[in-house]
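**Q** Quick one: this structure, given as structure tokens, is what I'll be asking you about.
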Amino acid sequence: MTGFFTLLNKELLRFWKVGLQTILAPIVSTLLYLLIFFHMLEAHAEVYPDVVYPVFLIPGLIMMAVIQNAFANSSSSLIQSKISGNIVFVLLSPLSYLEIFFAYILAAIVRGLLVGAGVYLTTLFFFDIPLQLPLWALLFVIMGSALLGALGVIAGIWAEKFDQLATFQNFIIMPLTFVSGVFYTIHSLPSIWQHVSHFNPFFYMIDGFRYGFFGVSDMSPYFSLVVVATCLIGISVLTIQMLKVGYKLRH
Amino acid sequence: MVLAIEVKQVCKHFGTVCALADVDLEVQTGEFFALLGPNGAGKTTLISIIAGLSQASSGSVKVMGHDVITQYQDARRILGVVPQELVFDPFFTVREALVIQSGYYGISNNDLWIDEVIHHLGLADQANTNMRALSGGMKRRVLVAQALVHKPPVIILDEPTAGVDVELRQTLWDFIKQLNQYGHTIVLTTHYLDEAEALCNRVAMLKQGKIIALDSMQNLVGNAVGHSIRLKLSPDLLPSDLKEILVRYHEGFHILKIDNYAQIESVLATLRKKSIQVLDMQILQLDLEEVFVNKMRSSGIEPK
């Protein structure tokens with residue numbers, strides 16, 4: 001297990017050493033989103049009974065920050081190692097593909113949780129945010145960051161250049177995040193877009209996470225749990241398989 | 001005794017390009033083995049396959065009896081590889097990089113050995129310096145240190161002295177020689193043939209993905225038939241009768257291969273007949289470089 005913990009520790013140190021950019025910066029930009037939307041949309045009043053818009057918005061924004069940072073962590077670590085060539089230190093070592101997988105995923109989860117916790121704790125100073133079912137919220141935030149961490153590993157392995165990684169981020173991760181109900185409840189959408197949203201796994205992550213706060217959600221939290229868990233397992237199996245055969249890593 | 005490295009019928013294709021063709025190679029434990037060949041001969045590809053950085057299209061490779069695919073963890077624990085590319089992790093200092101590398105191999109308390117490696121490679125003053133701040137030569141030393149953190153029984157060095165100053169070459173080889181005396185198997189590729197000749201006891205020469213010579217250093221140099229003479233001529237023209245014993249032309253000297261000293265007389269007679277004057281003449285033992293050039297040429301390509 002020493003090998004696994006070393007790689008995990010290295011991955012944690014990697015972002016911790018540049019924490020200003022990897023933790024503080026995303027917290028600040030998330031709070032800016034909140035500030036802007038709060039001032040623009042305050043008048044829209046209640047989304048759920050007893051839930052005013054900014055409070056509704058906060059869990060969505062937290063999850064969005066978690067998603068983006070979990071993805072950024074594993075994908076940028078891998079692409080940097082690949083481009084600078086220092087990935088060989090891991091590839092030459094006897095670390096198994098499972099150890100590599102779990103180290104990268106756990107580091108992504110930790111970074112996602114740190115950023116998410118930072119946003120949550122800061123907003124507590126300004127708003128009264130209920131956290132009715134914290135275990136549900138924790139479950140969704142962990143599964144969501146694990147899923148994005150795994151997607152980050154896939155993107156990091158697949159991309160050969162930084163712009164290919166940016167493509168993955170801008171055309172897959174960002175759109176799926178923005179149309180997932182971060183900023184609205186899907187019941188406010190025209191019905192066609194409600195149906196489309198049901199095919200977006202990110203929607204279930206955010207909806208399930210929000211359930212943890214308010215005890216109400218667009219979908220049944222159990223259904224969301226099944227969808228997110230299924231996606232997590234599927235993507236994890238794919239990632240592990242890529243690492244096992246050495247796709248784009250061991251030519 | 002179990003072989004340190006056993007390469008069996010290994011082929012490697014990149015698309016339609018064949019980088020290695022049916023390579024067979026056995027390295028005994030405790031050997032100091034050189035892998036020579038021009039750029040693009042397949043040396044690094046072969047090393048990558050042994051190290052698990054690349055996968056053979058067909059054939060098998062074993063390190064100390066462990067298959068590099070099916071028993072990859074055992075095989076990699078035994079190997080220490082110094083990659084050719086100057087790579088480093090910019091987030092860490094020299095010591096941090098070595099502690100992390102030890103951890104990958106499952107070693108958590110490695111300070112004593114890390115100190116020793118740092119000392120032997122002349123890295124003591126840089127131990128707490130960030131990798132980014134090091135010169136190229138120093139980064140190279142760290143790469144060697146990283147390959148040695150787990151005291152690997154089999155050490156592979158892919159052109160470890162490329163672009164490195166004389167001082168490091170000396171410290172590096174002293175350390176590697178010492179490791180070899182302690183029983184570590186050493187495989188190296190180098191462009192400095194004098195290094196291979198001074199250090200190694202067996203050589204394989206690779207050309208266009210094929211092994212064209214595999215022998216002990218002694219045999220290879222010995223079989224290459226004794227001696228060579230270096231001649232500076234005026235006019236600087238070699239008579240056509242002598243062309244067939246010409247090894248190469250280098251810095252104004254014609255280097256000719258001779259089987260025995262008596263042959264010198266016939267060479268000189270031929271030159272006299274053509275009224276060519278000898279300005280300078282040296283008689284040399286044929287060294288590895290000449291053997292190398294000969295082998296490469298007789299197999300149809302010029303070495304780089």
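Labeling convention for the structure tokens: chains A, B, ... as they appear, residues from 1 per chain, ligands from 1 in order of appearance.
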Neighbouring residues of Pro130 of chain A were defined as those with any atom within 12 Å, considering only C-alpha atoms; residues of the same chain fewer than 3 positions away were excluded. Please report them as a PyMOL selection string.
**A** chain A and resi 50-52+55-56+58-59+120+123-124+127+133-134+137+210-216
**Q** With a cut-off of 9 Å and counting only C-alpha atoms, select all residues of chain A in contact with chain B and give the selection as an mmCIF file with C-alpha atoms, in the first residue's frame.
**A**
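The resulting file, part.cif, is reproduced below:
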```
data_model
loop_
_atom_site.group_PDB
_atom_site.id
_atom_site.type_symbol
_atom_site.label_atom_id
_atom_site.label_comp_id
_atom_site.auth_asym_id
_atom_site.auth_seq_id
_atom_site.Cartn_x
_atom_site.Cartn_y
_atom_site.Cartn_z
ATOM 1 C CA MET A 1 0.000 0.000 0.000
ATOM 2 C CA THR A 2 3.023 2.292 0.409
ATOM 3 C CA GLY A 3 3.150 2.812 -3.348
ATOM 4 C CA PHE A 4 -0.507 3.794 -3.520
ATOM 5 C CA PHE A 5 -0.237 6.221 -0.588
ATOM 6 C CA THR A 6 2.901 7.757 -2.050
ATOM 7 C CA LEU A 7 1.193 8.461 -5.358
ATOM 8 C CA ASN A 9 0.268 11.990 -1.398
ATOM 9 C CA LYS A 10 2.183 13.241 -4.434
ATOM 10 C CA LEU A 13 0.939 17.846 -2.759
ATOM 11 C CA ARG A 14 0.844 18.732 -6.425
ATOM 12 C CA LYS A 17 1.668 23.478 -3.360
ATOM 13 C CA SER A 81 3.080 14.628 -16.604
ATOM 14 C CA SER A 84 6.801 17.030 -19.518
ATOM 15 C CA GLY A 85 7.533 13.304 -19.677
ATOM 16 C CA ASN A 86 7.703 12.711 -15.937
ATOM 17 C CA ILE A 87 4.819 10.233 -16.200
ATOM 18 C CA VAL A 88 7.612 7.660 -16.763
ATOM 19 C CA PHE A 89 8.394 7.719 -13.046
ATOM 20 C CA VAL A 90 4.947 6.261 -12.403
ATOM 21 C CA LEU A 91 4.983 4.000 -15.468
ATOM 22 C CA LEU A 92 8.378 2.492 -14.593
ATOM 23 C CA SER A 93 7.310 1.739 -11.032
ATOM 24 C CA PRO A 94 5.549 -1.450 -9.914
ATOM 25 C CA LEU A 95 2.365 0.518 -9.086
ATOM 26 C CA SER A 96 -0.626 -1.449 -10.325
ATOM 27 C CA GLY A 246 -1.862 1.128 -21.224
ATOM 28 C CA LEU A 249 0.478 5.534 -22.042
ATOM 29 C CA ARG A 250 2.402 2.372 -22.873
ATOM 30 C CA HIS A 251 2.735 2.480 -26.645
#
```
**Q** Can you work out the spacing between atom CA of Gly60 of chain A and atom CA of Ala229 of chain A in Å, to one decimal?
**A**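 Atom CA of Ala229 of chain A lies 19.0 Å from atom CA of Gly60 of chain A.
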**Q** Let's see if you can do this: from backbone DSSP, list all strand (DSSP E or B) residues in segment 2-248 of chain A, as a list in words.
**A**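 Taking segment 2-248 of chain A and keeping strand (DSSP E or B) gives Glu46, Val47, Tyr48, Val51 and Val52 of chain A.
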**Q** Going by DSSP on the backbone, which bits of segment 9-53 of chain A are alpha helix (DSSP H)? Write them as a PyMOL selection string, please.
**A** chain A and resi 9-16+19+25-41+53
**Q** Would you save the residues of that selection, restricted to N, CA and C atoms, as a PDB file, in the first residue's frame?
**A**
```pdb
ATOM      1  N   ASN A   9      -0.347  10.857  -2.083  1.00  0.00           N
ATOM      2  CA  ASN A   9       0.268  11.990  -1.398  1.00  0.00           C
ATOM      3  C   ASN A   9       0.916  12.954  -2.402  1.00  0.00           C
ATOM      4  N   LYS A  10       1.565  12.391  -3.406  1.00  0.00           N
ATOM      5  CA  LYS A  10       2.183  13.241  -4.434  1.00  0.00           C
ATOM      6  C   LYS A  10       1.118  14.046  -5.176  1.00  0.00           C
ATOM      7  N   GLU A  11       0.000  13.378  -5.492  1.00  0.00           N
ATOM      8  CA  GLU A  11      -1.079  14.069  -6.212  1.00  0.00           C
ATOM      9  C   GLU A  11      -1.706  15.171  -5.349  1.00  0.00           C
ATOM     10  N   LEU A  12      -1.794  14.914  -4.040  1.00  0.00           N
ATOM     11  CA  LEU A  12      -2.342  15.937  -3.142  1.00  0.00           C
ATOM     12  C   LEU A  12      -1.369  17.110  -3.031  1.00  0.00           C
ATOM     13  N   LEU A  13      -0.080  16.787  -2.860  1.00  0.00           N
ATOM     14  CA  LEU A  13       0.939  17.846  -2.759  1.00  0.00           C
ATOM     15  C   LEU A  13       0.969  18.701  -4.017  1.00  0.00           C
ATOM     16  N   ARG A  14       0.766  18.043  -5.147  1.00  0.00           N
ATOM     17  CA  ARG A  14       0.844  18.732  -6.425  1.00  0.00           C
ATOM     18  C   ARG A  14      -0.121  19.924  -6.458  1.00  0.00           C
ATOM     19  N   PHE A  15      -1.378  19.722  -6.027  1.00  0.00           N
ATOM     20  CA  PHE A  15      -2.277  20.877  -6.058  1.00  0.00           C
ATOM     21  C   PHE A  15      -2.153  21.742  -4.807  1.00  0.00           C
ATOM     22  N   TRP A  16      -1.769  21.104  -3.683  1.00  0.00           N
ATOM     23  CA  TRP A  16      -1.658  21.857  -2.440  1.00  0.00           C
ATOM     24  C   TRP A  16      -0.551  22.916  -2.541  1.00  0.00           C
ATOM     25  N   GLY A  19      -1.928  25.990  -4.098  1.00  0.00           N
ATOM     26  CA  GLY A  19      -3.287  26.089  -3.566  1.00  0.00           C
ATOM     27  C   GLY A  19      -4.013  27.387  -3.924  1.00  0.00           C
ATOM     28  N   ALA A  25      -8.624  30.220  -5.863  1.00  0.00           N
ATOM     29  CA  ALA A  25      -9.154  30.867  -7.071  1.00  0.00           C
ATOM     30  C   ALA A  25     -10.553  30.350  -7.427  1.00  0.00           C
ATOM     31  N   PRO A  26     -10.763  29.023  -7.480  1.00  0.00           N
ATOM     32  CA  PRO A  26     -12.131  28.561  -7.796  1.00  0.00           C
ATOM     33  C   PRO A  26     -13.157  28.955  -6.737  1.00  0.00           C
ATOM     34  N   ILE A  27     -12.742  29.050  -5.477  1.00  0.00           N
ATOM     35  CA  ILE A  27     -13.696  29.477  -4.440  1.00  0.00           C
ATOM     36  C   ILE A  27     -14.130  30.911  -4.734  1.00  0.00           C
ATOM     37  N   VAL A  28     -13.140  31.768  -5.033  1.00  0.00           N
ATOM     38  CA  VAL A  28     -13.449  33.168  -5.289  1.00  0.00           C
ATOM     39  C   VAL A  28     -14.337  33.317  -6.519  1.00  0.00           C
ATOM     40  N   SER A  29     -14.012  32.592  -7.599  1.00  0.00           N
ATOM     41  CA  SER A  29     -14.822  32.778  -8.807  1.00  0.00           C
ATOM     42  C   SER A  29     -16.241  32.254  -8.604  1.00  0.00           C
ATOM     43  N   THR A  30     -16.400  31.196  -7.792  1.00  0.00           N
ATOM     44  CA  THR A  30     -17.749  30.691  -7.505  1.00  0.00           C
ATOM     45  C   THR A  30     -18.555  31.723  -6.719  1.00  0.00           C
ATOM     46  N   LEU A  31     -17.870  32.368  -5.764  1.00  0.00           N
ATOM     47  CA  LEU A  31     -18.560  33.395  -4.983  1.00  0.00           C
ATOM     48  C   LEU A  31     -18.962  34.574  -5.864  1.00  0.00           C
ATOM     49  N   LEU A  32     -18.131  34.867  -6.878  1.00  0.00           N
ATOM     50  CA  LEU A  32     -18.480  35.937  -7.809  1.00  0.00           C
ATOM     51  C   LEU A  32     -19.747  35.600  -8.591  1.00  0.00           C
ATOM     52  N   TYR A  33     -19.844  34.342  -9.018  1.00  0.00           N
ATOM     53  CA  TYR A  33     -21.074  33.884  -9.689  1.00  0.00           C
ATOM     54  C   TYR A  33     -22.271  34.166  -8.795  1.00  0.00           C
ATOM     55  N   LEU A  34     -22.108  33.794  -7.542  1.00  0.00           N
ATOM     56  CA  LEU A  34     -23.196  33.934  -6.586  1.00  0.00           C
ATOM     57  C   LEU A  34     -23.605  35.407  -6.449  1.00  0.00           C
ATOM     58  N   LEU A  35     -22.588  36.251  -6.320  1.00  0.00           N
ATOM     59  CA  LEU A  35     -22.827  37.681  -6.156  1.00  0.00           C
ATOM     60  C   LEU A  35     -23.622  38.239  -7.326  1.00  0.00           C
ATOM     61  N   ILE A  36     -23.185  37.875  -8.540  1.00  0.00           N
ATOM     62  CA  ILE A  36     -23.828  38.394  -9.747  1.00  0.00           C
ATOM     63  C   ILE A  36     -25.266  37.904  -9.857  1.00  0.00           C
ATOM     64  N   PHE A  37     -25.449  36.598  -9.721  1.00  0.00           N
ATOM     65  CA  PHE A  37     -26.793  36.038  -9.878  1.00  0.00           C
ATOM     66  C   PHE A  37     -27.722  36.498  -8.765  1.00  0.00           C
ATOM     67  N   PHE A  38     -27.170  36.664  -7.603  1.00  0.00           N
ATOM     68  CA  PHE A  38     -27.953  37.107  -6.469  1.00  0.00           C
ATOM     69  C   PHE A  38     -28.557  38.486  -6.759  1.00  0.00           C
ATOM     70  N   HIS A  39     -27.707  39.405  -7.276  1.00  0.00           N
ATOM     71  CA  HIS A  39     -28.196  40.742  -7.536  1.00  0.00           C
ATOM     72  C   HIS A  39     -29.151  40.811  -8.719  1.00  0.00           C
ATOM     73  N   MET A  40     -28.884  39.998  -9.724  1.00  0.00           N
ATOM     74  CA  MET A  40     -29.731  40.039 -10.912  1.00  0.00           C
ATOM     75  C   MET A  40     -31.081  39.384 -10.681  1.00  0.00           C
ATOM     76  N   LEU A  41     -31.071  38.264  -9.945  1.00  0.00           N
ATOM     77  CA  LEU A  41     -32.255  37.403  -9.934  1.00  0.00           C
ATOM     78  C   LEU A  41     -32.958  37.329  -8.587  1.00  0.00           C
ATOM     79  N   TYR A  53     -34.151  32.296  -3.969  1.00  0.00           N
ATOM     80  CA  TYR A  53     -33.267  31.928  -5.080  1.00  0.00           C
ATOM     81  C   TYR A  53     -31.793  31.790  -4.704  1.00  0.00           C
TER      82      TYR A  53
END
```
